[in-house]
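K.L.:
I am sharing upload24.cif, which consists of mmCIF, C-alpha atoms and all ligand atoms:
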data_coords
#
loop_
_atom_site.label_atom_id
_atom_site.label_comp_id
_atom_site.auth_asym_id
_atom_site.auth_seq_id
_atom_site.Cartn_x
_atom_site.Cartn_y
_atom_site.Cartn_z
CA MET A 11 25.79 93.20 -65.89
CA PHE A 12 27.72 94.96 -63.20
CA TYR A 13 31.01 93.24 -63.96
CA ARG A 14 30.70 94.41 -67.58
CA LYS A 15 30.62 97.99 -66.31
CA VAL A 16 33.68 97.31 -64.17
CA ALA A 17 35.38 95.76 -67.21
CA THR A 18 34.54 98.86 -69.27
CA VAL A 19 36.01 101.13 -66.61
CA LEU A 20 39.15 98.98 -66.41
CA ALA A 21 39.45 98.92 -70.20
CA GLY A 22 39.21 102.72 -70.23
CA LEU A 23 41.92 102.87 -67.60
CA ALA A 24 44.05 100.51 -69.67
CA ALA A 25 43.55 102.62 -72.78
CA ALA A 26 44.56 105.76 -70.91
CA THR A 27 47.73 104.38 -69.40
CA PRO A 28 49.96 104.39 -72.51
CA ALA A 29 49.52 108.16 -72.57
CA LEU A 30 50.48 108.36 -68.90
CA ALA A 31 53.27 105.83 -69.04
CA TYR A 32 56.54 106.89 -70.52
CA GLU A 33 59.07 104.60 -72.12
CA SER A 34 61.03 103.47 -69.12
CA THR A 35 63.91 101.06 -68.91
CA TYR A 36 62.24 99.76 -65.75
CA ASN A 37 58.98 98.91 -67.47
CA LEU A 38 57.87 96.59 -70.25
CA PRO A 39 58.42 97.98 -73.73
CA VAL A 40 55.32 99.28 -75.49
CA GLY A 41 56.83 97.51 -78.46
CA ALA A 42 56.26 97.60 -82.19
CA THR A 43 53.10 95.53 -82.64
CA ASP A 44 49.45 95.96 -81.68
CA ILE A 45 49.72 92.87 -79.49
CA SER A 46 52.72 94.23 -77.60
CA ALA A 47 50.80 97.48 -77.01
CA ARG A 48 47.84 95.48 -75.69
CA VAL A 49 50.14 93.47 -73.42
CA PHE A 50 51.61 96.71 -72.14
CA SER A 51 48.14 98.14 -71.47
CA LEU A 52 47.10 94.97 -69.64
CA HIS A 53 50.24 95.16 -67.55
CA MET A 54 49.55 98.79 -66.64
CA MET A 55 45.89 98.06 -65.89
CA MET A 56 46.84 95.25 -63.51
CA PHE A 57 49.47 97.50 -61.98
CA TRP A 58 46.90 100.21 -61.19
CA VAL A 59 44.37 97.64 -59.92
CA CYS A 60 47.06 96.34 -57.55
CA VAL A 61 47.94 99.89 -56.50
CA ALA A 62 44.27 100.62 -55.72
CA ILE A 63 43.84 97.38 -53.74
CA ALA A 64 47.07 98.02 -51.82
CA ALA A 65 45.98 101.58 -51.03
CA VAL A 66 42.61 100.41 -49.66
CA VAL A 67 43.94 97.42 -47.70
CA PHE A 68 47.00 99.12 -46.23
CA GLY A 69 44.97 102.30 -45.66
CA VAL A 70 42.49 100.39 -43.48
CA ILE A 71 45.28 98.55 -41.65
CA ILE A 72 47.32 101.68 -40.94
CA TYR A 73 44.24 103.70 -39.93
CA SER A 74 43.09 100.92 -37.59
CA LEU A 75 46.54 100.56 -36.03
CA TRP A 76 46.60 104.27 -35.30
CA LYS A 77 42.97 104.85 -34.37
CA PHE A 78 42.58 101.86 -32.05
CA ARG A 79 46.01 101.87 -30.47
CA LYS A 80 46.39 100.54 -26.93
CA SER A 81 47.64 103.85 -25.48
CA THR A 82 44.24 105.44 -26.13
CA GLY A 83 42.55 102.70 -24.19
CA ALA A 84 41.15 100.69 -27.12
CA VAL A 85 39.64 97.36 -26.10
CA ALA A 86 39.15 94.50 -28.57
CA ASP A 87 35.52 93.71 -29.35
CA GLN A 88 34.87 90.17 -28.14
CA THR A 89 31.28 89.93 -29.34
CA LEU A 90 31.49 90.15 -33.15
CA THR A 91 32.99 86.79 -34.21
CA HIS A 92 31.04 86.19 -37.41
CA SER A 93 29.46 88.41 -40.04
CA THR A 94 27.87 86.85 -43.09
CA ASN A 95 27.61 90.26 -44.76
CA VAL A 96 31.32 90.93 -44.45
CA GLU A 97 32.20 87.48 -45.73
CA VAL A 98 29.94 87.86 -48.74
CA ILE A 99 31.45 91.30 -49.50
CA TRP A 100 35.06 90.13 -49.28
CA THR A 101 34.27 87.20 -51.52
CA VAL A 102 32.17 88.98 -54.15
CA ILE A 103 34.42 92.02 -54.64
CA PRO A 104 37.58 89.97 -55.46
CA VAL A 105 35.54 87.73 -57.77
CA ILE A 106 34.29 90.81 -59.65
CA ILE A 107 37.83 92.17 -59.92
CA LEU A 108 39.17 88.81 -61.18
CA VAL A 109 36.43 88.36 -63.77
CA ALA A 110 36.70 91.97 -64.93
CA THR A 111 40.46 91.68 -65.44
CA ALA A 112 40.24 88.19 -66.96
CA ILE A 113 38.02 89.41 -69.82
CA PRO A 114 40.55 91.76 -71.51
CA ALA A 115 43.40 89.34 -70.65
CA ALA A 116 41.62 86.40 -72.29
CA ARG A 117 40.79 88.50 -75.35
CA THR A 118 44.48 89.36 -75.79
CA LEU A 119 45.58 85.76 -75.25
CA ILE A 120 43.13 84.56 -77.90
CA ALA A 121 44.41 87.22 -80.33
CA MET A 122 48.00 86.15 -79.65
CA GLU A 123 47.16 82.55 -80.59
CA ASP A 124 45.27 83.44 -83.76
CA THR A 125 47.75 82.71 -86.54
CA ARG A 126 45.14 82.72 -89.30
CA ASN A 127 45.53 84.87 -92.43
CA SER A 128 49.28 85.18 -92.12
CA GLU A 129 51.08 86.59 -95.14
CA LEU A 130 54.52 85.11 -94.55
CA THR A 131 55.56 81.97 -92.71
CA VAL A 132 59.04 81.48 -91.31
CA LYS A 133 60.17 78.27 -89.67
CA VAL A 134 62.45 79.03 -86.74
CA VAL A 135 64.75 76.25 -85.59
CA GLY A 136 66.80 76.54 -82.41
CA TYR A 137 70.24 74.98 -82.42
CA GLN A 138 72.98 74.87 -79.81
CA TRP A 139 73.70 77.81 -80.15
CA LYS A 140 72.24 79.61 -83.10
CA TRP A 141 68.97 80.08 -84.94
CA LYS A 142 67.94 78.91 -88.38
CA TYR A 143 65.27 80.75 -90.36
CA GLU A 144 63.48 79.02 -93.24
CA TYR A 145 61.13 81.18 -95.32
CA GLN A 146 58.37 78.74 -96.22
CA GLY A 147 57.67 78.50 -99.92
CA LYS A 148 60.38 81.03 -100.80
CA GLY A 149 63.37 78.74 -101.05
CA VAL A 150 65.35 80.86 -98.64
CA SER A 151 66.91 79.67 -95.41
CA PHE A 152 69.96 80.59 -93.39
CA PHE A 153 71.58 80.36 -89.99
CA SER A 154 71.76 83.36 -87.71
CA THR A 155 74.71 83.32 -85.33
CA LEU A 156 76.31 85.69 -82.87
CA ALA A 157 78.11 88.56 -84.62
CA ALA A 158 81.83 88.02 -85.02
CA GLU A 159 82.81 91.12 -82.99
CA SER A 160 80.75 90.00 -79.98
CA ASN A 161 81.93 86.41 -80.36
CA TYR A 162 85.53 87.54 -80.37
CA ALA A 163 85.18 90.00 -77.48
CA ARG A 164 83.51 87.40 -75.26
CA GLN A 165 86.49 85.05 -75.41
CA LEU A 166 88.87 84.99 -72.47
CA GLY A 167 92.12 86.68 -73.41
CA SER A 168 90.67 88.45 -76.44
CA GLY A 169 91.97 91.72 -75.06
CA VAL A 170 88.81 93.46 -76.28
CA ASP A 171 86.72 95.42 -73.78
CA PRO A 172 83.13 94.21 -74.38
CA THR A 173 81.76 97.62 -73.43
CA THR A 174 83.40 98.99 -76.57
CA VAL A 175 81.56 96.51 -78.84
CA LYS A 176 78.41 97.92 -80.42
CA ASP A 177 75.31 95.85 -79.54
CA TYR A 178 77.47 93.45 -77.54
CA LEU A 179 75.84 89.99 -77.52
CA LEU A 180 72.79 91.50 -79.24
CA ASP A 181 73.98 91.33 -82.82
CA VAL A 182 74.03 88.53 -85.37
CA ASP A 183 75.62 87.88 -88.73
CA HIS A 184 72.34 87.30 -90.61
CA PRO A 185 69.26 88.87 -89.03
CA LEU A 186 65.73 87.73 -89.72
CA VAL A 187 64.35 90.16 -92.31
CA VAL A 188 60.60 90.72 -92.49
CA PRO A 189 58.33 93.29 -94.13
CA VAL A 190 56.48 95.92 -92.10
CA ASP A 191 52.66 95.78 -91.70
CA THR A 192 52.70 92.09 -92.58
CA LYS A 193 51.39 89.26 -90.47
CA VAL A 194 54.36 86.94 -90.06
CA ARG A 195 53.67 83.47 -88.72
CA LEU A 196 56.47 81.63 -86.98
CA LEU A 197 56.71 77.85 -86.77
CA LEU A 198 59.10 77.13 -83.95
CA THR A 199 60.97 73.93 -83.20
CA GLY A 200 64.26 72.81 -81.73
CA ASN A 201 66.96 70.70 -83.33
CA ASP A 202 68.63 69.49 -80.14
CA VAL A 203 67.31 70.86 -76.86
CA ILE A 204 64.55 73.28 -75.89
CA HIS A 205 65.20 76.91 -76.87
CA SER A 206 62.85 79.86 -76.72
CA TRP A 207 62.48 82.62 -79.29
CA TRP A 208 61.95 85.87 -77.41
CA VAL A 209 61.66 89.35 -78.87
CA PRO A 210 60.21 91.71 -76.23
CA ASP A 211 59.22 94.43 -78.73
CA PHE A 212 56.90 91.95 -80.46
CA ALA A 213 55.61 90.41 -77.20
CA VAL A 214 56.61 87.03 -78.60
CA LYS A 215 58.23 84.43 -76.37
CA LYS A 216 57.65 80.90 -77.56
CA ASP A 217 59.49 77.68 -76.80
CA ALA A 218 61.25 75.88 -79.64
CA ILE A 219 60.91 72.22 -78.64
CA PRO A 220 62.44 69.26 -80.51
CA GLY A 221 59.68 67.10 -82.01
CA TYR A 222 57.05 69.81 -81.69
CA ILE A 223 55.98 72.73 -83.80
CA ASN A 224 54.86 75.77 -81.84
CA GLU A 225 53.16 78.69 -83.54
CA ALA A 226 53.48 82.41 -82.94
CA TRP A 227 52.90 85.51 -84.98
CA PHE A 228 53.69 89.20 -85.10
CA LYS A 229 52.83 92.14 -87.28
CA ALA A 230 55.33 94.93 -86.86
CA ASN A 231 53.78 98.36 -87.35
CA ARG A 232 57.06 100.20 -87.87
CA THR A 233 60.38 99.50 -89.48
CA GLY A 234 63.51 99.12 -87.40
CA ARG A 235 65.91 96.74 -85.79
CA PHE A 236 64.52 94.69 -82.92
CA THR A 237 66.57 92.41 -80.74
CA GLY A 238 65.90 89.46 -78.50
CA GLN A 239 67.52 86.43 -77.00
CA CYS A 240 67.05 82.74 -76.42
CA ALA A 241 64.95 82.61 -73.25
CA GLU A 242 65.39 78.94 -72.36
CA LEU A 243 68.52 77.76 -70.60
CA CYS A 244 69.83 75.59 -73.41
CA GLY A 245 73.40 74.80 -72.55
CA ARG A 246 76.84 76.29 -72.32
CA ASP A 247 76.44 79.08 -74.86
CA HIS A 248 72.80 79.89 -74.08
CA GLY A 249 73.74 83.53 -73.60
CA PHE A 250 75.35 83.73 -77.03
CA MET A 251 72.47 83.09 -79.42
CA PRO A 252 70.78 86.49 -79.75
CA ILE A 253 67.95 87.32 -82.13
CA VAL A 254 67.89 90.29 -84.48
CA VAL A 255 64.86 91.12 -86.60
CA ASN A 256 65.15 93.76 -89.27
CA VAL A 257 61.71 95.08 -90.13
CA VAL A 258 61.95 96.74 -93.54
CA SER A 259 59.52 98.23 -96.03
CA LYS A 260 57.64 95.82 -98.27
CA ALA A 261 59.62 97.01 -101.30
CA ASP A 262 62.94 96.53 -99.51
CA PHE A 263 61.85 93.08 -98.39
CA ALA A 264 60.94 92.07 -101.94
CA THR A 265 64.35 93.28 -103.14
CA TRP A 266 66.11 91.44 -100.33
CA LEU A 267 64.16 88.24 -100.94
CA ASP A 268 64.92 88.35 -104.69
CA ALA A 269 68.61 88.74 -103.89
CA GLN A 270 68.49 85.75 -101.52
CA VAL A 271 66.71 83.61 -104.08
CA ALA A 272 69.16 84.65 -106.80
CA ALA A 273 72.10 83.92 -104.53
CA SER A 274 70.85 80.45 -103.69
CA LYS A 275 70.10 79.75 -107.36
CA ALA A 276 73.59 80.88 -108.27
CA GLY A 277 74.89 78.07 -106.19
CA ALA A 278 75.82 80.08 -103.14
CA SER A 279 75.53 78.20 -99.91
CA ALA A 280 71.99 78.47 -98.59
CA ALA A 281 73.43 78.60 -95.12
CA ASP A 282 75.43 81.73 -95.83
CA PRO A 283 73.45 84.34 -97.74
CA SER A 284 74.43 87.96 -97.88
CA ALA A 285 72.05 89.79 -95.61
CA PRO A 286 71.48 93.52 -95.45
CA ALA A 287 73.49 95.37 -92.84
CA ALA A 288 75.88 92.44 -92.63
CA THR A 289 78.45 93.04 -89.97
CA ALA A 290 82.11 93.46 -90.71
CA ALA A 291 84.23 90.45 -89.95
CA ALA A 292 86.38 90.39 -86.88
CA PRO A 293 89.27 88.04 -86.27
CA THR A 294 88.15 84.64 -85.12
CA ALA A 295 89.32 83.74 -81.69
CA SER A 296 91.66 80.84 -81.34
CA LEU A 297 91.67 79.39 -77.89
CU CU B 301 68.82 78.45 -76.77
#
Please rewrite the model in this file as structure tokens.
P.N.:
Amino acid sequence: MFYRKVATVLAGLAAATPALAYESTYNLPVGATDISARVFSLHMMMFWVCVAIAAVVFGVIIYSLWKFRKSTGAVADQTLTHSTNVEVIWTVIPVIILVATAIPAARTLIAMEDTRNSELTVKVVGYQWKWKYEYQGKGVSFFSTLAAESNYARQLGSGVDPTTVKDYLLDVDHPLVVPVDTKVRLLLTGNDVIHSWWVPDFAVKKDAIPGYINEAWFKANRTGRFTGQCAELCGRDHGFMPIVVNVVSKADFATWLDAQVAASKAGASAADPSAPAATAAAPTASL
């Protein structure tokens, strides 16, 4: 099939673009998962398809404007009012382009929705205005709220210049900790209003809706600290419920999880575990 050949060419173009594209603050992140890399490739493929279409269409328009300008005595052709050939061509070519681009896009969408064979499940609950993470079957759960330094600096009259705060509004007290190279399934819901769990580096943006459970998954292919935000306007402090995910080695995760379990067994509050890289406390604002 012809459109299969077009799809193959487009897929080749998509595969080549990560090498051409550099990490730019003006572009999507390539991210830390296979899915995010595929999303990036799709984005670049569509970008180049649009560039090619724009070049052809505007090229013809600009050439025609110049070539058949009035000052050279051009006269509009009054005889050709209908051409079946032209109409077929300008219908078939866009259809081929749409089908050829829909195939890789649909494949990626299906992969994004496939939460089978996950190795770890975390229930994510959105609250006004914080997140709660519950590790299913592990007996570990905790709230994740805006880091104290950011929370203090954001207050009127705090006297703190926010530009001096590290990771301002992008840091939390207890980050989500997950192991690398592990398929993590998220079950998302909301406790009060609709929130949305968005981490660009994982290409995950999923609504957390009260009364519903949405599913998402990611499999980080490198360790590191990845940040995100609530992406649904959820009330007054919508801008103050960031997301931080610490992707650690499997051994470090096992150690961390054991410590969390031990802490909760020791009677420590399940809502306040000691997390790795916990931030230093800052004075609480009193307004
Ligand atoms: Cu929210």
K.L.:
Residues up to 7 Å from ligand CU 301 (chain B), counting all atoms listed in the file: could you list those as a list in words?
P.N.:
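Here is the list of contacting residues: Gly136, Tyr137, Gln138, Trp139, Ile204, His205, Ser206, Cys240, Ala241, Glu242, Leu243, Cys244, His248 and Met251 of chain A.
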K.L.:
Would you list the contacts of Gly147 of chain A as a list in words, taking every protein, DNA or RNA residue within 12 Å and counting all atoms listed in the file, but skipping same-chain residues closer than 4 positions in sequence?
P.N.:
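Skipping anything fewer than 4 positions along the chain leaves Glu129, Leu130, Thr131, Val132, Lys133, Ser151, Leu267 and Val271 of chain A.
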K.L.:
Would you compute the distance between atom CA of Thr155 of chain A and atom CA of Leu186 of chain A? Give it in Å to one decimal.
P.N.:
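These atoms are spaced 10.9 Å apart.
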K.L.:
Which residue is closest to Val209 of chain A? Choose from A:Val40, A:Ala276, A:Val187, A:Val254 and count all atoms listed in the file.
P.N.:
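Smallest separation from Val209 of chain A among the options: A:Val254.
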K.L.:
Quick one: pull the distance between atom CA of Pro189 of chain A and atom CA of Phe263 of chain A, Å, one decimal.
P.N.:
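Going from atom CA of Pro189 of chain A over to atom CA of Phe263 of chain A, I get 5.5 Å.
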K.L.:
Kindly give the distance, in Å, that separates atom CA of Ser154 of chain A and atom CA of Gly200 of chain A, rounded to a single decimal.
P.N.:
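If I compute the distance from atom CA of Ser154 of chain A to atom CA of Gly200 of chain A, I get 14.3 Å.
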